[in-house]
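Report on one structure; see the data block that follows.
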Amino acid sequence: RHKYSQICAAPCGPGTYRKFHNVKSLLCCWSCNRCDGHKFTNTTNEDYCFHCHGTEISNEDNTGCILVEDIFLRYDSPKFISGMTLIGLGLVLAFLAFVFVFRTEERPIIKASNPVFLYLLLFSIAFGILSSGVPLVRPSVKSCNSEFLMLTISLSLITSCLAWRCGSIYALFSAANDFNQPRCAMFFKTPGMVAITTAVACTNVVIVVILQQLGLGWKFVKKQSMDHGPQVHMCDAVGNGGLGYLTCLPFILPSLLFLSTLLIAFKMRNFPHNFRETSNIFIATLVVLFTCVMFLSGYNLANDAIKPFLRTVVVYVMCMAFLACIFLPKLVIIVKKGDIEEERREMKDQLRKYVNKSVKRKSDNKGATGESSSTTLL
């Protein structure tokens with residue numbers, strides 16, 4: 001790095017500066033050092049380097065400054081246009097699903113699902129689709145903070161809604177097997193759902209606000225992979241030094257609710273309630289889990305320039321998976337059945353088969369218990 005000359009050193013050319021040495025007998029003893037960082041010199045024998053302006057970087061030989069190339073998703077780029085098109089399509093589909101639920105509230109398949117739950121879930125999905133568009137805009141401090149907050153709210157609402165729904169169905173059937181009332185029945189009614197989703201969302205919002213006040217939220221950074229290369233504008237979710245892991249705090253509760261939903265839905269996948277609604281929830285959570293695993297495994301390996309688009313895609317796919325797997329089967333069944341009475345007959349048949357199977361299982365268990373007791377006595 002340092003280029004030392006003989007006594008009475010030669011002149012230092014552009015791109016370097018003179019560093020004098022403490023030799024009292026020689027006033028011309030210096031070394032020529034190259035300017036580092038975004039500094040330059042354009043004349044001979046400069047004693048220090050000059051700084052480039054904020055929007056400029058030094059060229060490769062540090063003899064001048066050039067405008068830095070800022071990389072982010074431009075509004076006319078194919079990724080931005082395709083992303084915003086998909087988001088608009090998703091919002092339209094969510095609105096059509098809302099209209100569908102509103103117009104078919106009296107159908108047994110909608111009543112059994114609790115229309116308030118469906119409305120709240122649709123709002124959560126629409127909010128999630130809307131939040132998936134934030135990474136597409138030009139990164140800034142406000143956009144990074146908004147993305148962090150909106151993603152937290154949407155995940156909190158969706159996971160708490162689904163966890164409540166699976167929990168209420170499981171409690172209902174578990175109590176029915178023993179011919180009892182569900183425990184904590186008040187939590188499985190509509191006011192309980194609203195209270196739980198509100199509490200989860202508000203708790204995580206408070207956590208996000210506290211993190212942002214402490215300077216630990218998602219940060220806006222200009223990442224430069226090479227000294228004289230372009231700068232990528234991005235939101236860095238883990239660029240907070242040793243405390244970067246604290247940015248995961250708002251996602252702990254939604255993750256636990258999501259895993260609880262997945263496990264309970266798997267356990268209830270053969271329940272007959274509402275044309276196997278829990279099976280549809282299980283499929284949706286499985287798709288989302290697979291998407292998250294693929295995203296987390298490849299995100300850090302991806303090019304910084306396409307990371308915002310990847311975040312948009314993963315949030316969008318998650319929301320559309322829930323929208324398609326939960327609402328599309330209801331639409332197909334209503335269109336296919338046509339008659340309300342036919343829906344009611346099929347739901348009664350499903351419940352009758354489930355009850356008969358439960359009664360048979362109980363009688364078999366009692367028979368097995370009786371046989372074991374007789375063997376012990378003998």
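We label chains A, B, ... in the order they appear in the structure tokens, count residues from 1 in each chain, and number ligands from 1 in the order shown.
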Inset, instruction - Write down as an MDAnalysis selection string the residues belonging to stretch 27-131 of chain A that are assigned helix (DSSP H, G or I) by DSSP computed on the backbone. - result: chainID A and resid 78:103 108:113 115:131
Write the residues of the selection above to a file with C-alpha atoms, as a PDB file, in the first residue's frame.
ATOM      1  CA  PRO A  78     -40.306  -5.361 -15.401  1.00  0.00           C
ATOM      2  CA  LYS A  79     -40.066  -6.511 -11.769  1.00  0.00           C
ATOM      3  CA  PHE A  80     -41.869  -3.426 -10.468  1.00  0.00           C
ATOM      4  CA  ILE A  81     -44.593  -3.598 -13.129  1.00  0.00           C
ATOM      5  CA  SER A  82     -45.178  -7.338 -12.687  1.00  0.00           C
ATOM      6  CA  GLY A  83     -45.155  -7.035  -8.895  1.00  0.00           C
ATOM      7  CA  MET A  84     -47.679  -4.200  -8.805  1.00  0.00           C
ATOM      8  CA  THR A  85     -49.865  -6.030 -11.344  1.00  0.00           C
ATOM      9  CA  LEU A  86     -49.963  -9.127  -9.152  1.00  0.00           C
ATOM     10  CA  ILE A  87     -50.735  -7.028  -6.081  1.00  0.00           C
ATOM     11  CA  GLY A  88     -53.622  -5.312  -7.886  1.00  0.00           C
ATOM     12  CA  LEU A  89     -54.953  -8.698  -9.000  1.00  0.00           C
ATOM     13  CA  GLY A  90     -54.704 -10.025  -5.443  1.00  0.00           C
ATOM     14  CA  LEU A  91     -56.632  -7.069  -4.024  1.00  0.00           C
ATOM     15  CA  VAL A  92     -59.337  -7.546  -6.655  1.00  0.00           C
ATOM     16  CA  LEU A  93     -59.643 -11.239  -5.776  1.00  0.00           C
ATOM     17  CA  ALA A  94     -59.852 -10.397  -2.066  1.00  0.00           C
ATOM     18  CA  PHE A  95     -62.626  -7.896  -2.799  1.00  0.00           C
ATOM     19  CA  LEU A  96     -64.508 -10.472  -4.895  1.00  0.00           C
ATOM     20  CA  ALA A  97     -64.179 -12.971  -2.042  1.00  0.00           C
ATOM     21  CA  PHE A  98     -65.651 -10.353   0.310  1.00  0.00           C
ATOM     22  CA  VAL A  99     -68.599  -9.858  -2.053  1.00  0.00           C
ATOM     23  CA  PHE A 100     -69.027 -13.621  -2.322  1.00  0.00           C
ATOM     24  CA  VAL A 101     -69.192 -14.058   1.467  1.00  0.00           C
ATOM     25  CA  PHE A 102     -71.538 -11.084   1.840  1.00  0.00           C
ATOM     26  CA  ARG A 103     -73.982 -12.427  -0.749  1.00  0.00           C
ATOM     27  CA  PRO A 108     -74.909 -23.266   5.646  1.00  0.00           C
ATOM     28  CA  ILE A 109     -71.276 -23.499   4.539  1.00  0.00           C
ATOM     29  CA  ILE A 110     -70.747 -19.785   5.287  1.00  0.00           C
ATOM     30  CA  LYS A 111     -72.720 -19.802   8.531  1.00  0.00           C
ATOM     31  CA  ALA A 112     -70.737 -22.760   9.811  1.00  0.00           C
ATOM     32  CA  SER A 113     -67.486 -20.851   9.179  1.00  0.00           C
ATOM     33  CA  PRO A 115     -68.989 -14.826   8.632  1.00  0.00           C
ATOM     34  CA  VAL A 116     -67.197 -12.480  11.065  1.00  0.00           C
ATOM     35  CA  PHE A 117     -64.166 -14.783  10.985  1.00  0.00           C
ATOM     36  CA  LEU A 118     -64.222 -14.787   7.184  1.00  0.00           C
ATOM     37  CA  TYR A 119     -64.487 -10.979   7.013  1.00  0.00           C
ATOM     38  CA  LEU A 120     -61.636 -10.496   9.480  1.00  0.00           C
ATOM     39  CA  LEU A 121     -59.478 -13.034   7.654  1.00  0.00           C
ATOM     40  CA  LEU A 122     -60.191 -11.328   4.318  1.00  0.00           C
ATOM     41  CA  PHE A 123     -59.202  -7.968   5.782  1.00  0.00           C
ATOM     42  CA  SER A 124     -55.982  -9.491   7.128  1.00  0.00           C
ATOM     43  CA  ILE A 125     -55.166 -11.083   3.761  1.00  0.00           C
ATOM     44  CA  ALA A 126     -55.895  -7.859   1.867  1.00  0.00           C
ATOM     45  CA  PHE A 127     -53.682  -5.925   4.281  1.00  0.00           C
ATOM     46  CA  GLY A 128     -50.928  -8.499   3.768  1.00  0.00           C
ATOM     47  CA  ILE A 129     -51.209  -8.207  -0.026  1.00  0.00           C
ATOM     48  CA  LEU A 130     -50.996  -4.433   0.302  1.00  0.00           C
ATOM     49  CA  SER A 131     -47.925  -4.679   2.549  1.00  0.00           C
TER      50      SER A 131
END
Legend entry - Computed interatomic separation between atom CA of A:Leu162 and atom CA of A:Ile252 (Å): 16.0 Å
Inset, instruction - Considering only C-alpha atoms, return as JSON, numbers by chain whatever protein or nucleic-acid residues lie within 12 Å of A:Asn33, sequence-local ones (same chain, fewer than 2 positions apart) excluded. - result: {"A": [1, 2, 3, 4, 5, 11, 12, 13, 14, 15, 16, 17, 18, 19, 20, 30, 31, 35, 36, 40, 41, 45, 46, 47, 48, 49, 62]}
Inset, instruction - Write down as a list in words the residues belonging to stretch 31-119 of chain A that are assigned strand (DSSP E) by DSSP computed on the backbone. - result: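 Assigned to strand (DSSP E), within stretch 31-119 of chain A: Ser31, Cys32, Asn33, Arg34, Lys39, Phe40, Phe50, His51, Glu56, Ile57, Ser58, Cys65, Ile66, Leu67, Asp70 and Ile71 of chain A.
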Using only C-alpha atoms, what does the table of stretch 114-164 of chain A residues within 12 Å of stretch 67-73 of chain A look like, with each row giving the shortest atom pair and its distance in Å to one decimal, sorted by chain and ascending number, as a tab-separated table?
residue	atom	partner	partner_atom	distance
A:Gly133	CA	A:Leu73	CA	11.8
A:Val134	CA	A:Leu73	CA	11.4
A:Pro135	CA	A:Leu73	CA	9.0
A:Leu136	CA	A:Leu73	CA	6.4
A:Val137	CA	A:Leu73	CA	7.0
A:Arg138	CA	A:Phe72	CA	6.3
A:Pro139	CA	A:Phe72	CA	7.5
A:Ser140	CA	A:Phe72	CA	10.8
Inset, instruction - May I have the residues within 8 Å of stretch 291-296 of chain A as an MDAnalysis selection string, using only C-alpha atoms and disregarding those fewer than 5 positions away in the same chain? - result: chainID A and resid 310 314 317:318
Inset, instruction - Could you please determine the separation between atom CA of A:Val221 and atom CA of A:Thr55 in Å, to one decimal place? - result: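 Interatomic distance, atom CA of A:Val221 to atom CA of A:Thr55: 14.4 Å.
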Legend entry - Contacts of stretch 194-207 of chain A within 8 Å, only C-alpha atoms, excl. fewer than 5 positions in-chain, as a list in words: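 After dropping sequence-adjacent residues, the list is Leu149, Thr152, Ile153, Ser156, Leu157, Ser160, Cys161, Trp164, Leu249, Pro250, Phe251 and Leu253 of chain A.
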Keeping only N, CA, C and O atoms, write the selected residues to a file as a PDB file, in the first residue's frame.
ATOM      1  N   LEU A 149     -43.423  -2.590   9.968  1.00  0.00           N
ATOM      2  CA  LEU A 149     -44.659  -2.484  10.740  1.00  0.00           C
ATOM      3  C   LEU A 149     -45.823  -3.200  10.053  1.00  0.00           C
ATOM      4  O   LEU A 149     -46.565  -3.960  10.687  1.00  0.00           O
ATOM      5  N   THR A 152     -45.539  -6.998  10.164  1.00  0.00           N
ATOM      6  CA  THR A 152     -45.842  -7.497  11.505  1.00  0.00           C
ATOM      7  C   THR A 152     -47.348  -7.543  11.748  1.00  0.00           C
ATOM      8  O   THR A 152     -47.876  -8.535  12.275  1.00  0.00           O
ATOM      9  N   ILE A 153     -48.057  -6.475  11.366  1.00  0.00           N
ATOM     10  CA  ILE A 153     -49.508  -6.431  11.588  1.00  0.00           C
ATOM     11  C   ILE A 153     -50.214  -7.511  10.779  1.00  0.00           C
ATOM     12  O   ILE A 153     -51.098  -8.229  11.302  1.00  0.00           O
ATOM     13  N   SER A 156     -49.579 -10.977  12.193  1.00  0.00           N
ATOM     14  CA  SER A 156     -50.260 -11.135  13.481  1.00  0.00           C
ATOM     15  C   SER A 156     -51.748 -11.395  13.284  1.00  0.00           C
ATOM     16  O   SER A 156     -52.331 -12.281  13.938  1.00  0.00           O
ATOM     17  N   LEU A 157     -52.387 -10.644  12.394  1.00  0.00           N
ATOM     18  CA  LEU A 157     -53.821 -10.811  12.166  1.00  0.00           C
ATOM     19  C   LEU A 157     -54.135 -12.168  11.541  1.00  0.00           C
ATOM     20  O   LEU A 157     -55.054 -12.876  11.986  1.00  0.00           O
ATOM     21  N   SER A 160     -53.331 -15.204  14.056  1.00  0.00           N
ATOM     22  CA  SER A 160     -54.239 -15.258  15.207  1.00  0.00           C
ATOM     23  C   SER A 160     -55.640 -15.682  14.776  1.00  0.00           C
ATOM     24  O   SER A 160     -56.312 -16.435  15.494  1.00  0.00           O
ATOM     25  N   CYS A 161     -56.098 -15.215  13.603  1.00  0.00           N
ATOM     26  CA  CYS A 161     -57.409 -15.634  13.091  1.00  0.00           C
ATOM     27  C   CYS A 161     -57.451 -17.140  12.855  1.00  0.00           C
ATOM     28  O   CYS A 161     -58.390 -17.826  13.280  1.00  0.00           O
ATOM     29  N   TRP A 164     -57.227 -19.160  16.127  1.00  0.00           N
ATOM     30  CA  TRP A 164     -58.520 -19.137  16.830  1.00  0.00           C
ATOM     31  C   TRP A 164     -59.506 -20.085  16.167  1.00  0.00           C
ATOM     32  O   TRP A 164     -60.219 -20.825  16.850  1.00  0.00           O
ATOM     33  N   LEU A 249     -38.116 -10.288  17.280  1.00  0.00           N
ATOM     34  CA  LEU A 249     -39.074 -10.348  18.387  1.00  0.00           C
ATOM     35  C   LEU A 249     -40.539 -10.246  17.932  1.00  0.00           C
ATOM     36  O   LEU A 249     -41.380 -11.013  18.404  1.00  0.00           O
ATOM     37  N   PRO A 250     -40.894  -9.316  17.013  1.00  0.00           N
ATOM     38  CA  PRO A 250     -42.316  -9.214  16.631  1.00  0.00           C
ATOM     39  C   PRO A 250     -42.831 -10.437  15.876  1.00  0.00           C
ATOM     40  O   PRO A 250     -44.044 -10.583  15.728  1.00  0.00           O
ATOM     41  N   PHE A 251     -41.941 -11.301  15.402  1.00  0.00           N
ATOM     42  CA  PHE A 251     -42.370 -12.465  14.621  1.00  0.00           C
ATOM     43  C   PHE A 251     -42.433 -13.739  15.449  1.00  0.00           C
ATOM     44  O   PHE A 251     -42.819 -14.787  14.925  1.00  0.00           O
ATOM     45  N   LEU A 253     -44.371 -14.442  18.255  1.00  0.00           N
ATOM     46  CA  LEU A 253     -45.752 -14.826  18.554  1.00  0.00           C
ATOM     47  C   LEU A 253     -46.505 -15.282  17.308  1.00  0.00           C
ATOM     48  O   LEU A 253     -47.165 -16.335  17.337  1.00  0.00           O
TER      49      LEU A 253
END
